[in-house]
Amino acid sequence: MLDYTPKEYVNRSGLVINPAKTCQPVGAMYAALGIHKCLPHSHGSQGCCAYHRKFLTRNFRDPVMASTSSFTEGAAVFGGGSNLKTSIKNVFTIYNPDVIAVHTTCLSETIGDDIPTYVAQSNVPEGKVVIHANTPSYTGSHITGFSNMVLGMVKYLSQNNDNPNGKVNIIPGFVNPADMREIKRMLKEMGIGFIMFPDTSGVLDTPLTGKYEMYPKGGTRVEDIIDSGNSMATFGLGSFSSADGAFQLEKKCKVSPKILKTPIGIKATDEFLMAVSSITGKEIPEEIEEERGQVIDIMCDCHYHYEGKKVAISGDPDIVIALTEFALSLGMIPKYVLTGTPGESFDREVKSMLDEAGIEAKVKSGADLFTLHQWMKNEPVDILLGTTHAKYIALAEDVPFVRIGFPILDRSVHSYMPIVGYKGAMRVIEMISNALLDRQDRDAADEDVELIM
Amino acid sequence: MKKKIDKMVETYPAAVFKNRKEHILVKENNEEPQKIKANTRTIPGIITNRGCCYAGCKGVVLGPLRDAVVLTHGPIGCGYYTWGTRRNKGRTSGDEKNFLNYCFSTDLQEGDIVFGGEKKLVKAIKEAVEIFNPKTIFICSTCPVGLIGDDIHAVASNAEKEYGIKVVSFSCEGYKGVSQSGGHHIANNGLIKHIIGTGDKAVGKYAINILGEYNIGGDGWEIERILGKIGYEIVSLMVGNGTVEDLKSAHKADLNVIQCHRSINYIGEMMGTKYGMDWIKVNFIGVKSTIESLRNIAKYFGDPELMERTEAVIQEELEEINPQLEEYKKMCEGKTAALFVGGSRAHHYQHVLKDLGIKTILAGYEFAHRDDYEGREIIPDIKEDGDSKNIESLEVQKDPENYKLFLTKEQYEKLKEEIPLNYYSGMIKEMENGTIVVDDLNHYETEELLKALKPDIFCSGIKDKYIAHKAGIYSKQLHSYDYSGPYAGFKGAVIFARDIAMGLTTPAWNMIVPPWKTSPMLEGSYIGGN
């Protein structure tokens with residue numbers, strides 16, 4: 001496995017090997033699916049749309065609907081205006097969504113297609129909406145695309161009509177439907193009114209009922225996104241995927257933004273709950289405090305399962321930043337922290353946490369998995385946290401592996417199980433702990449096998 | 001049925017209606033062959049399953065060649081999505097290098113799009129050579145590369161000189177053609193121009209190439225096992241578990257056998273012109289069709305001993321699989337299936353389903369041409385349009401040094417009557433009356449046809465798998481086999497039968513309706529009644 005990855009470093013400035021990111025449009029498509037009765041539309045060659053639908057479907061194991069402008073060579077030369085206008089007409093007639101969320105591709109961006117003009121020239125039925133986001137694949141990553149589509153939602157929809165709704169806005173970031181459900185559950189327990197967008201719960205984790213629904217019951221209602229301009233504050237969870245949308249709400253609707261970490265682990269969840277509590281004046285209820293206490297109980301009890309272990313963490317920046325903080329809370333030693341998404345703030349934020357903990361580590365944004373593998377070849381770690389593609393490294397180096405983040409293509413159920421909040425923290429501990437203990441069992445001589453661990 | 005289909009397409013906007021009605025037909029028992037429209041543009045806004053030219057070139061044809069560094073020149077997505085997702089297995093042999101678990105991309109950034117990406121490509125090749133020292137590098141372009149005008153062909157030829165290795169470039173930008181089909185053609189052209197015919201590996205008796213077999217889930221290995229047992233030498237597998245090294249000497253074989261007609265018939269045809277080689281269409285999906293394919297290959301060689309050996313192997317294999325197959329057949333018999341997949345599979349899989357007693361009531365291809373539906377005899381009638389003209393139709397010349405005819409003219413004429421020699425009859429002829437054929441099936445039609453036909457099994461890909469699934473219909477991916485396989489050959493047929501039987505009967509299908517939706521009513525009326 002990955003037999004030709006050498007230990008010796010080679011300077012690379014042209015070649016990316018085994019990427020740890022993908023392109024913007026898939027993130028935009030995921031975000032758009034979090035609007036109720038929205039059909040994402042990919043403005044480019046039909047291959048982009050096919051790849052993105054495949055990829056999301058493989059991760060969520062649920063139908064992912066999206067349409068495409070199906071560019072041909074002619075459209076690439078003369079512009080995609082006619083393709084988009086035809087698409088809008090056909091989509092509303094045949095598939096009847098409430099919203100079309102157009103995102104661009106590297107093709108339509110390179111030829112400079114002017115989406116707002118094309119949309120203005122289109123026949124949009126009354127009561128229906130077309131929004132758009134520019135998502136050139138040659139900038140940023142799928143996380144940037146998610147962020148840009150959230151930004152598009154605010155730009156097109158959010159309105160402040162001087163009618164305060166007493167709610168808070170939650171931009172959950174690029175997380176699983178289960179995480180969105182868990183954040184909503186905590187807010188409900190606190191008695192806080194909220195608008196979460198996007199919200200893919202009820203869209204990409206639907207039950208099997210025997211009836212296919214093209215537009216399942218989940219997703220944020222358009223009227224709620226409009227009303228988000230009347231909220232008292234916006235909580236952007238994860239700066240990479242949620243900050244731009246939150247700041248745009250401030251700029252456009254004067255809703256004050258608060259950018260927090262994705263609430264993975266004790267500290268990030270504490271901060272999130274305290275922040276919403278302090279703005280809304282709602283207390284953190286006993287039930288949630290009880291959950292927190294349970295996690296702390298586990299952490300004090302089982303620390304020896306993982307404490308002092310060297311860990312490599314890779315994945316999307318918001319998830320990785322929060323996971324790094326949590327790993328530190330668990331007494332683990334993050335040796336390598338890496339994301340494929342470019343952004344110096346990642347390096348700064350992670351480094352400052354590690355500096356504070358007195359840990360020397362390699363931290364890199366805009367990096368690929370080949371780099372991570374080389375690091376691990378030079379100095380091994382005890383456990384690797386990452387998405388499915390990191391499996392190859394785990395197999396090559398025979399390192400215990402925990403699948404976490406996006407995408408997970410080789411296991412199921414993960415999209416139904418939260419990693420955020422205290423419940424999520426418990427699950428992350430269980431996954432890390434089990435991976436390490438399974439390894440200990442596997443490697444133990446008969447006389448060293450422990451029945452109780 | 002015709003009425004239902006008319007009703008389905010009538011709800012389309014006028015232009016869509018006009019277009020789509022020509023892509024759908026109900027099989028009739030006419031003397032006149034039925035025509036279908038295919039390989040034309042998908043209408044913008046229609047939720048199609050089709051992919052792009054790059055997907056066909058890099059993803060399908062070049063990707064499985066395990067000893068080549070296939071470098072995607074473009075932004076990161078295209079390379080990322082074709083990294084390990086197709087299940088084309090490849091086993092390393094000897095000291096050769098196998099790059100299948102790697103993904104290589106130039107990851108073009110905004111600055112490269114503005115100022116050109118050639119410099120980055122040159123660097124990427126240099127770095128790939130330094131780190132991996134491959135014998136071959138293939139460069140595949142994505143959409144923006146064609147637009148910014150990077151001369152990848154010049155970069156490739158310079159690199160070839162500089163590093164003394166094979167570097168071949170493919171202009172397979174996603175927007176070319178109307179589906180992945182254009183990309184297959186571009187890849188076929190490149191392999192003929194630059195790879196096939198450049199080697200001189202010595203080959204033995206009964207030497208064949210297997211074309212259009214991608215070794216998904218290990219299909220190619222099962223086919224190789226059977227053919228090897230009979231005594232054939234497989235010179236090259238195109239391209240599942242294939243290598244560039246083997247491909248170079250493909251012209252040394254006596255015969256090309258073609259599994260997937262759509263993706264690779266160009267190579268079959270061009271090798272015919274260039275090297276005098278014949279091809280025959282085979283189908284290793286299904287027990288009966290595997291047997292027929294084996295007999296046809298043996299007939300081509302015309303050696304009685306080979307034919308005898310073929311029969312012996314068939315007998316031996318059948319004895320092994322029949323008891324298991326019969327068990328699964330009991331669980332499958334009488335069911336109906338709808339197939340929408342590929343440019344060959346929707347035809348191939350009808351055979352194995354039939355072996356299990358399952359009737360195909362709807363079949364369609366995603367990216368096929370008319371000849372895949374109607375048979376190669378209609379090729380002269382296919383009108384070229386602007387989109388197909390954009391894909392080069394390579395003219396090859398006879399290679400006097402390597403040209404050899406295996407059959408005499410008389411033998412050829414005689415055999416042509418018996419076996420599908422340089423011929424594919426297409427899917428429609430084999431379908432039963434009243435069944436439906438749909439080209440480029442889209443989401444709306446899928447939903448409507450599933451409702452109208454209520455098949456027991458829906459065989460398609462990952463994008464529409466869960467549509468049928470949510471509707472309570474067992475859905476089987478025939479691109480990735482739902483991560484199982486092999487499905488080809490004798491042993492594959494058993495695995496397929498097992499998977500289908502299991503999928504149809506998994507206990508949870510009977511648990512969809514919660515028991516309280518049906519039972520509490522009785523209790524309620526009992527209490528209320530007193």
# chains A, B, ... in the order shown; residues from 1 in each chain; ligands from 1
call {"tool": "closest_atom_pairs", "arguments": {"of": "chain A", "to": "chain B", "cutoff": "7 Å", "atoms": "only C-alpha atoms", "output": "JSON lines"}}
result
{"residue": "A:Leu2", "atom": "CA", "partner": "B:Asn101", "partner_atom": "CA", "distance": 6.5}
{"residue": "A:Tyr4", "atom": "CA", "partner": "B:Phe132", "partner_atom": "CA", "distance": 6.4}
{"residue": "A:Arg12", "atom": "CA", "partner": "B:Glu127", "partner_atom": "CA", "distance": 6.5}
{"residue": "A:Gly14", "atom": "CA", "partner": "B:Ala124", "partner_atom": "CA", "distance": 4.2}
{"residue": "A:Leu15", "atom": "CA", "partner": "B:Ala124", "partner_atom": "CA", "distance": 4.3}
{"residue": "A:Val16", "atom": "CA", "partner": "B:Ser105", "partner_atom": "CA", "distance": 5.2}
{"residue": "A:Ile17", "atom": "CA", "partner": "B:Phe104", "partner_atom": "CA", "distance": 4.9}
{"residue": "A:Asn18", "atom": "CA", "partner": "B:Cys103", "partner_atom": "CA", "distance": 4.8}
{"residue": "A:Pro19", "atom": "CA", "partner": "B:Tyr80", "partner_atom": "CA", "distance": 6.8}
{"residue": "A:Thr22", "atom": "CA", "partner": "B:Gly77", "partner_atom": "CA", "distance": 4.8}
{"residue": "A:Cys23", "atom": "CA", "partner": "B:Gly77", "partner_atom": "CA", "distance": 4.7}
{"residue": "A:Ser45", "atom": "CA", "partner": "B:Tyr175", "partner_atom": "CA", "distance": 5.3}
{"residue": "A:Gln46", "atom": "CA", "partner": "B:Gly51", "partner_atom": "CA", "distance": 5.6}
{"residue": "A:Gly47", "atom": "CA", "partner": "B:Gly51", "partner_atom": "CA", "distance": 3.9}
{"residue": "A:Ala50", "atom": "CA", "partner": "B:Gly51", "partner_atom": "CA", "distance": 5.6}
{"residue": "A:Tyr51", "atom": "CA", "partner": "B:Tyr81", "partner_atom": "CA", "distance": 6.3}
{"residue": "A:Arg53", "atom": "CA", "partner": "B:Lys463", "partner_atom": "CA", "distance": 6.2}
{"residue": "A:Lys54", "atom": "CA", "partner": "B:Lys463", "partner_atom": "CA", "distance": 5.5}
{"residue": "A:Thr57", "atom": "CA", "partner": "B:Lys463", "partner_atom": "CA", "distance": 6.6}
{"residue": "A:Asp62", "atom": "CA", "partner": "B:Tyr466", "partner_atom": "CA", "distance": 5.7}
{"residue": "A:Pro63", "atom": "CA", "partner": "B:Tyr466", "partner_atom": "CA", "distance": 5.1}
{"residue": "A:Ala66", "atom": "CA", "partner": "B:Ile47", "partner_atom": "CA", "distance": 6.6}
{"residue": "A:Ser67", "atom": "CA", "partner": "B:Ile47", "partner_atom": "CA", "distance": 4.8}
{"residue": "A:Thr68", "atom": "CA", "partner": "B:Gly45", "partner_atom": "CA", "distance": 5.4}
{"residue": "A:Ser69", "atom": "CA", "partner": "B:Pro44", "partner_atom": "CA", "distance": 4.5}
{"residue": "A:Ser70", "atom": "CA", "partner": "B:Pro44", "partner_atom": "CA", "distance": 5.2}
{"residue": "A:Phe71", "atom": "CA", "partner": "B:Tyr175", "partner_atom": "CA", "distance": 5.7}
{"residue": "A:Thr72", "atom": "CA", "partner": "B:Tyr175", "partner_atom": "CA", "distance": 4.8}
{"residue": "A:Glu73", "atom": "CA", "partner": "B:Tyr175", "partner_atom": "CA", "distance": 5.4}
{"residue": "A:Asn83", "atom": "CA", "partner": "B:Pro44", "partner_atom": "CA", "distance": 5.6}
{"residue": "A:Thr86", "atom": "CA", "partner": "B:Pro44", "partner_atom": "CA", "distance": 6.1}
{"residue": "A:Ser87", "atom": "CA", "partner": "B:Gly45", "partner_atom": "CA", "distance": 3.7}
{"residue": "A:Ile88", "atom": "CA", "partner": "B:Gly45", "partner_atom": "CA", "distance": 6.6}
{"residue": "A:Asn90", "atom": "CA", "partner": "B:Gly45", "partner_atom": "CA", "distance": 5.6}
{"residue": "A:Val91", "atom": "CA", "partner": "B:Gly45", "partner_atom": "CA", "distance": 5.5}
{"residue": "A:Ile94", "atom": "CA", "partner": "B:Tyr12", "partner_atom": "CA", "distance": 6.6}
{"residue": "A:Cys106", "atom": "CA", "partner": "B:Pro144", "partner_atom": "CA", "distance": 6.2}
{"residue": "A:Leu107", "atom": "CA", "partner": "B:Pro144", "partner_atom": "CA", "distance": 5.4}
{"residue": "A:Thr110", "atom": "CA", "partner": "B:Pro144", "partner_atom": "CA", "distance": 6.3}
{"residue": "A:Ser137", "atom": "CA", "partner": "B:Pro75", "partner_atom": "CA", "distance": 5.9}
{"residue": "A:Tyr138", "atom": "CA", "partner": "B:Gln109", "partner_atom": "CA", "distance": 4.5}
{"residue": "A:Thr139", "atom": "CA", "partner": "B:Gln109", "partner_atom": "CA", "distance": 5.8}
{"residue": "A:Leu208", "atom": "CA", "partner": "B:Lys470", "partner_atom": "CA", "distance": 5.2}
{"residue": "A:Thr209", "atom": "CA", "partner": "B:Ile512", "partner_atom": "CA", "distance": 6.0}
{"residue": "A:Gly210", "atom": "CA", "partner": "B:Ala471", "partner_atom": "CA", "distance": 4.3}
{"residue": "A:Lys211", "atom": "CA", "partner": "B:Ala471", "partner_atom": "CA", "distance": 4.4}
{"residue": "A:Tyr212", "atom": "CA", "partner": "B:Ala471", "partner_atom": "CA", "distance": 4.7}
call {"tool": "select_by_dssp", "arguments": {"residues": "region 126-290 of chain B", "states": "strand (DSSP E or B)", "output": "PyMOL selection string"}}
result
chain B and resi 136-141+166-170+207-213+216+233-239+255-258+278-281
call {"tool": "residues_around", "arguments": {"residues": "Glu189 (chain A)", "least_positions_apart": "2", "cutoff": "12 Å", "atoms": "only C-alpha atoms", "output": "MDAnalysis selection string"}}
result
chainID A and resid 182:187 191:194 273 277 282:289
call {"tool": "write_last_selection", "arguments": {"atoms": "C-alpha atoms", "output": "mmCIF file, in the first residue's frame"}}
result
data_model
loop_
_atom_site.group_PDB
_atom_site.id
_atom_site.type_symbol
_atom_site.label_atom_id
_atom_site.label_comp_id
_atom_site.auth_asym_id
_atom_site.auth_seq_id
_atom_site.Cartn_x
_atom_site.Cartn_y
_atom_site.Cartn_z
ATOM 1 C CA GLU A 182 -27.686 17.614 17.952
ATOM 2 C CA ILE A 183 -27.089 21.372 17.914
ATOM 3 C CA LYS A 184 -30.827 21.920 17.476
ATOM 4 C CA ARG A 185 -31.596 19.532 20.303
ATOM 5 C CA MET A 186 -29.345 21.411 22.706
ATOM 6 C CA LEU A 187 -30.915 24.730 21.733
ATOM 7 C CA GLY A 191 -35.611 26.933 25.201
ATOM 8 C CA ILE A 192 -33.914 29.106 22.610
ATOM 9 C CA GLY A 193 -35.663 30.090 19.401
ATOM 10 C CA PHE A 194 -33.305 29.666 16.468
ATOM 11 C CA LEU A 273 -23.490 26.989 25.054
ATOM 12 C CA SER A 277 -26.830 31.525 26.858
ATOM 13 C CA LYS A 282 -31.442 31.454 28.749
ATOM 14 C CA GLU A 283 -29.740 29.268 31.274
ATOM 15 C CA ILE A 284 -27.953 26.066 30.407
ATOM 16 C CA PRO A 285 -30.348 23.446 31.758
ATOM 17 C CA GLU A 286 -29.538 20.679 34.163
ATOM 18 C CA GLU A 287 -30.041 17.977 31.521
ATOM 19 C CA ILE A 288 -27.202 19.381 29.429
ATOM 20 C CA GLU A 289 -25.017 19.904 32.482
#
call {"tool": "select_by_dssp", "arguments": {"residues": "region 309-484 of chain B", "states": "alpha helix (DSSP H)", "output": "VMD selection string"}}
result
chain B and resid 309 to 332 345 to 355 370 to 374 386 to 389 409 to 418 443 to 453 462 to 470
call {"tool": "closest_residue", "arguments": {"among": "A:Met376, A:Leu338, A:Met232, A:Val402", "to": "Glu430 (chain A)", "atoms": "only C-alpha atoms"}}
result
A:Val402
call {"tool": "residues_around", "arguments": {"residues": "Phe197 (chain A)", "least_positions_apart": "3", "cutoff": "7 Å", "atoms": "only C-alpha atoms", "output": "list in words"}}
result
Gly34, Ile170, Ile171, Thr220 and Ile225 of chain A
call {"tool": "write_last_selection", "arguments": {"atoms": "N, CA, C and O atoms", "output": "mmCIF file, in the first residue's frame"}}
result
data_model
loop_
_atom_site.group_PDB
_atom_site.id
_atom_site.type_symbol
_atom_site.label_atom_id
_atom_site.label_comp_id
_atom_site.auth_asym_id
_atom_site.auth_seq_id
_atom_site.Cartn_x
_atom_site.Cartn_y
_atom_site.Cartn_z
ATOM 1 N N GLY A 34 -29.428 21.964 2.055
ATOM 2 C CA GLY A 34 -29.927 22.301 3.386
ATOM 3 C C GLY A 34 -31.026 23.346 3.369
ATOM 4 O O GLY A 34 -31.417 23.858 4.408
ATOM 5 N N ILE A 170 -28.080 30.149 13.546
ATOM 6 C CA ILE A 170 -26.972 29.190 13.667
ATOM 7 C C ILE A 170 -26.537 28.787 12.265
ATOM 8 O O ILE A 170 -27.349 28.248 11.490
ATOM 9 N N ILE A 171 -25.289 29.078 11.936
ATOM 10 C CA ILE A 171 -24.715 28.503 10.713
ATOM 11 C C ILE A 171 -23.828 27.350 11.180
ATOM 12 O O ILE A 171 -22.782 27.571 11.784
ATOM 13 N N THR A 220 -33.910 24.105 5.746
ATOM 14 C CA THR A 220 -34.370 25.390 6.261
ATOM 15 C C THR A 220 -35.394 26.002 5.306
ATOM 16 O O THR A 220 -35.182 26.032 4.103
ATOM 17 N N ILE A 225 -34.884 31.751 6.325
ATOM 18 C CA ILE A 225 -33.619 32.396 5.928
ATOM 19 C C ILE A 225 -33.863 33.896 5.730
ATOM 20 O O ILE A 225 -33.059 34.729 6.129
#
call {"tool": "atom_distance", "arguments": {"atom1": "CA of Thr336 (chain B)", "atom2": "CA of Asn510 (chain B)"}}
result
18.7 Å
call {"tool": "residues_around", "arguments": {"residues": "Met426 (chain A)", "least_positions_apart": "2", "cutoff": "10 Å", "atoms": "only C-alpha atoms", "output": "PyMOL selection string"}}
result
chain A and resi 265-266+291-292+294-296+298-299+418-424+428-431
call {"tool": "write_last_selection", "arguments": {"atoms": "N, CA, C and O atoms", "output": "mmCIF file, in the first residue's frame"}}
result
data_model
loop_
_atom_site.group_PDB
_atom_site.id
_atom_site.type_symbol
_atom_site.label_atom_id
_atom_site.label_comp_id
_atom_site.auth_asym_id
_atom_site.auth_seq_id
_atom_site.Cartn_x
_atom_site.Cartn_y
_atom_site.Cartn_z
ATOM 1 N N GLY A 265 -16.011 18.460 21.253
ATOM 2 C CA GLY A 265 -15.209 18.413 22.480
ATOM 3 C C GLY A 265 -15.793 19.284 23.559
ATOM 4 O O GLY A 265 -16.728 20.070 23.329
ATOM 5 N N ILE A 266 -15.213 19.146 24.758
ATOM 6 C CA ILE A 266 -15.738 19.845 25.930
ATOM 7 C C ILE A 266 -15.651 21.357 25.796
ATOM 8 O O ILE A 266 -16.634 22.075 25.912
ATOM 9 N N GLU A 291 -25.163 15.837 30.975
ATOM 10 C CA GLU A 291 -24.427 15.212 29.864
ATOM 11 C C GLU A 291 -22.946 15.572 29.935
ATOM 12 O O GLU A 291 -22.070 14.749 29.718
ATOM 13 N N ARG A 292 -22.699 16.865 30.236
ATOM 14 C CA ARG A 292 -21.307 17.315 30.334
ATOM 15 C C ARG A 292 -20.582 16.539 31.425
ATOM 16 O O ARG A 292 -19.461 16.053 31.247
ATOM 17 N N GLN A 294 -21.199 13.667 32.516
ATOM 18 C CA GLN A 294 -20.940 12.278 32.102
ATOM 19 C C GLN A 294 -19.656 12.194 31.279
ATOM 20 O O GLN A 294 -18.839 11.288 31.457
ATOM 21 N N VAL A 295 -19.491 13.159 30.372
ATOM 22 C CA VAL A 295 -18.288 13.134 29.535
ATOM 23 C C VAL A 295 -17.045 13.322 30.404
ATOM 24 O O VAL A 295 -16.032 12.619 30.243
ATOM 25 N N ILE A 296 -17.129 14.268 31.358
ATOM 26 C CA ILE A 296 -15.982 14.515 32.234
ATOM 27 C C ILE A 296 -15.675 13.256 33.057
ATOM 28 O O ILE A 296 -14.524 12.889 33.269
ATOM 29 N N ILE A 298 -16.146 10.215 32.141
ATOM 30 C CA ILE A 298 -15.439 9.278 31.254
ATOM 31 C C ILE A 298 -13.978 9.706 31.082
ATOM 32 O O ILE A 298 -13.057 8.887 31.138
ATOM 33 N N MET A 299 -13.798 10.998 30.881
ATOM 34 C CA MET A 299 -12.448 11.495 30.603
ATOM 35 C C MET A 299 -11.510 11.288 31.792
ATOM 36 O O MET A 299 -10.314 11.028 31.618
ATOM 37 N N PRO A 418 -23.923 12.058 15.860
ATOM 38 C CA PRO A 418 -23.230 13.339 16.013
ATOM 39 C C PRO A 418 -21.824 13.205 16.596
ATOM 40 O O PRO A 418 -21.551 12.268 17.350
ATOM 41 N N ILE A 419 -20.974 14.140 16.213
ATOM 42 C CA ILE A 419 -19.689 14.280 16.907
ATOM 43 C C ILE A 419 -19.634 15.606 17.662
ATOM 44 O O ILE A 419 -18.669 15.892 18.340
ATOM 45 N N VAL A 420 -20.684 16.429 17.523
ATOM 46 C CA VAL A 420 -20.707 17.714 18.222
ATOM 47 C C VAL A 420 -21.443 17.575 19.562
ATOM 48 O O VAL A 420 -22.163 16.599 19.786
ATOM 49 N N GLY A 421 -21.253 18.581 20.401
ATOM 50 C CA GLY A 421 -21.925 18.598 21.700
ATOM 51 C C GLY A 421 -21.313 17.563 22.633
ATOM 52 O O GLY A 421 -20.350 16.873 22.280
ATOM 53 N N TYR A 422 -21.899 17.451 23.815
ATOM 54 C CA TYR A 422 -21.343 16.506 24.796
ATOM 55 C C TYR A 422 -21.600 15.064 24.364
ATOM 56 O O TYR A 422 -20.776 14.183 24.577
ATOM 57 N N LYS A 423 -22.770 14.836 23.771
ATOM 58 C CA LYS A 423 -23.054 13.484 23.263
ATOM 59 C C LYS A 423 -22.022 13.104 22.213
ATOM 60 O O LYS A 423 -21.536 11.967 22.174
ATOM 61 N N GLY A 424 -21.727 14.071 21.327
ATOM 62 C CA GLY A 424 -20.745 13.827 20.286
ATOM 63 C C GLY A 424 -19.365 13.584 20.864
ATOM 64 O O GLY A 424 -18.611 12.724 20.379
ATOM 65 N N VAL A 428 -16.776 10.533 20.169
ATOM 66 C CA VAL A 428 -15.398 10.672 19.690
ATOM 67 C C VAL A 428 -14.449 9.925 20.635
ATOM 68 O O VAL A 428 -13.553 9.205 20.197
ATOM 69 N N ILE A 429 -14.695 10.073 21.932
ATOM 70 C CA ILE A 429 -13.860 9.343 22.892
ATOM 71 C C ILE A 429 -13.989 7.836 22.658
ATOM 72 O O ILE A 429 -12.997 7.106 22.618
ATOM 73 N N GLU A 430 -15.213 7.383 22.475
ATOM 74 C CA GLU A 430 -15.428 5.943 22.273
ATOM 75 C C GLU A 430 -14.662 5.452 21.051
ATOM 76 O O GLU A 430 -14.006 4.406 21.085
ATOM 77 N N MET A 431 -14.736 6.220 19.956
ATOM 78 C CA MET A 431 -14.065 5.798 18.723
ATOM 79 C C MET A 431 -12.547 5.742 18.904
ATOM 80 O O MET A 431 -11.888 4.788 18.494
#
call {"tool": "atom_distance", "arguments": {"atom1": "CA of Lys335 (chain B)", "atom2": "CA of Ile358 (chain B)"}}
result
4.9 Å
call {"tool": "residues_around", "arguments": {"residues": "Glu250 (chain A)", "least_positions_apart": "5", "cutoff": "9 Å", "atoms": "only C-alpha atoms", "output": "CSV table (one decimal) with N, CA and C atoms, in the first residue's frame"}}
result
chain,number,residue,atom,x,y,z
A,229,GLY,N,-32.5,37.8,9.0
A,229,GLY,CA,-32.1,39.2,9.1
A,229,GLY,C,-32.7,39.9,10.3
A,233,ALA,N,-28.7,37.6,16.9
A,233,ALA,CA,-27.3,37.3,16.7
A,233,ALA,C,-27.1,36.1,15.8
A,234,THR,N,-25.9,36.0,15.2
A,234,THR,CA,-25.6,34.9,14.3
A,234,THR,C,-24.4,34.1,14.9
A,245,GLY,N,-20.7,34.0,5.9
A,245,GLY,CA,-22.2,34.2,6.0
A,245,GLY,C,-22.6,35.0,7.2
A,255,VAL,N,-27.2,42.1,12.0
A,255,VAL,CA,-27.3,41.0,13.0
A,255,VAL,C,-25.8,40.7,13.5
A,256,SER,N,-25.6,40.8,14.8
A,256,SER,CA,-24.2,40.7,15.3
A,256,SER,C,-23.7,39.3,15.2
A,257,PRO,N,-22.5,39.2,14.6
A,257,PRO,CA,-21.9,37.8,14.4
A,257,PRO,C,-21.1,37.4,15.6
call {"tool": "residues_around", "arguments": {"residues": "region 390-400 of chain A", "least_positions_apart": "3", "cutoff": "6 Å", "atoms": "only C-alpha atoms", "output": "ChimeraX atom specification"}}
result
/A:1,383,386-387,435
call {"tool": "write_last_selection", "arguments": {"atoms": "N, CA, C and O atoms", "output": "CSV table (one decimal), in the first residue's frame"}}
result
chain,number,residue,atom,x,y,z
A,1,MET,N,0.8,-1.2,0.0
A,1,MET,CA,0.0,0.0,0.0
A,1,MET,C,0.9,1.3,0.0
A,1,MET,O,1.8,1.4,0.8
A,383,ILE,N,-2.0,7.0,16.6
A,383,ILE,CA,-3.3,6.9,16.0
A,383,ILE,C,-3.5,8.0,15.0
A,383,ILE,O,-2.9,9.1,15.1
A,386,GLY,N,-8.9,10.8,10.6
A,386,GLY,CA,-9.1,11.4,9.3
A,386,GLY,C,-10.3,10.9,8.5
A,386,GLY,O,-11.0,10.1,9.1
A,387,THR,N,-10.4,11.3,7.3
A,387,THR,CA,-11.5,10.8,6.5
A,387,THR,C,-11.1,9.6,5.7
A,387,THR,O,-9.9,9.2,5.8
A,435,ALA,N,-10.4,2.2,19.1
A,435,ALA,CA,-9.3,2.0,18.1
A,435,ALA,C,-8.0,1.6,18.7
A,435,ALA,O,-7.4,0.6,18.3
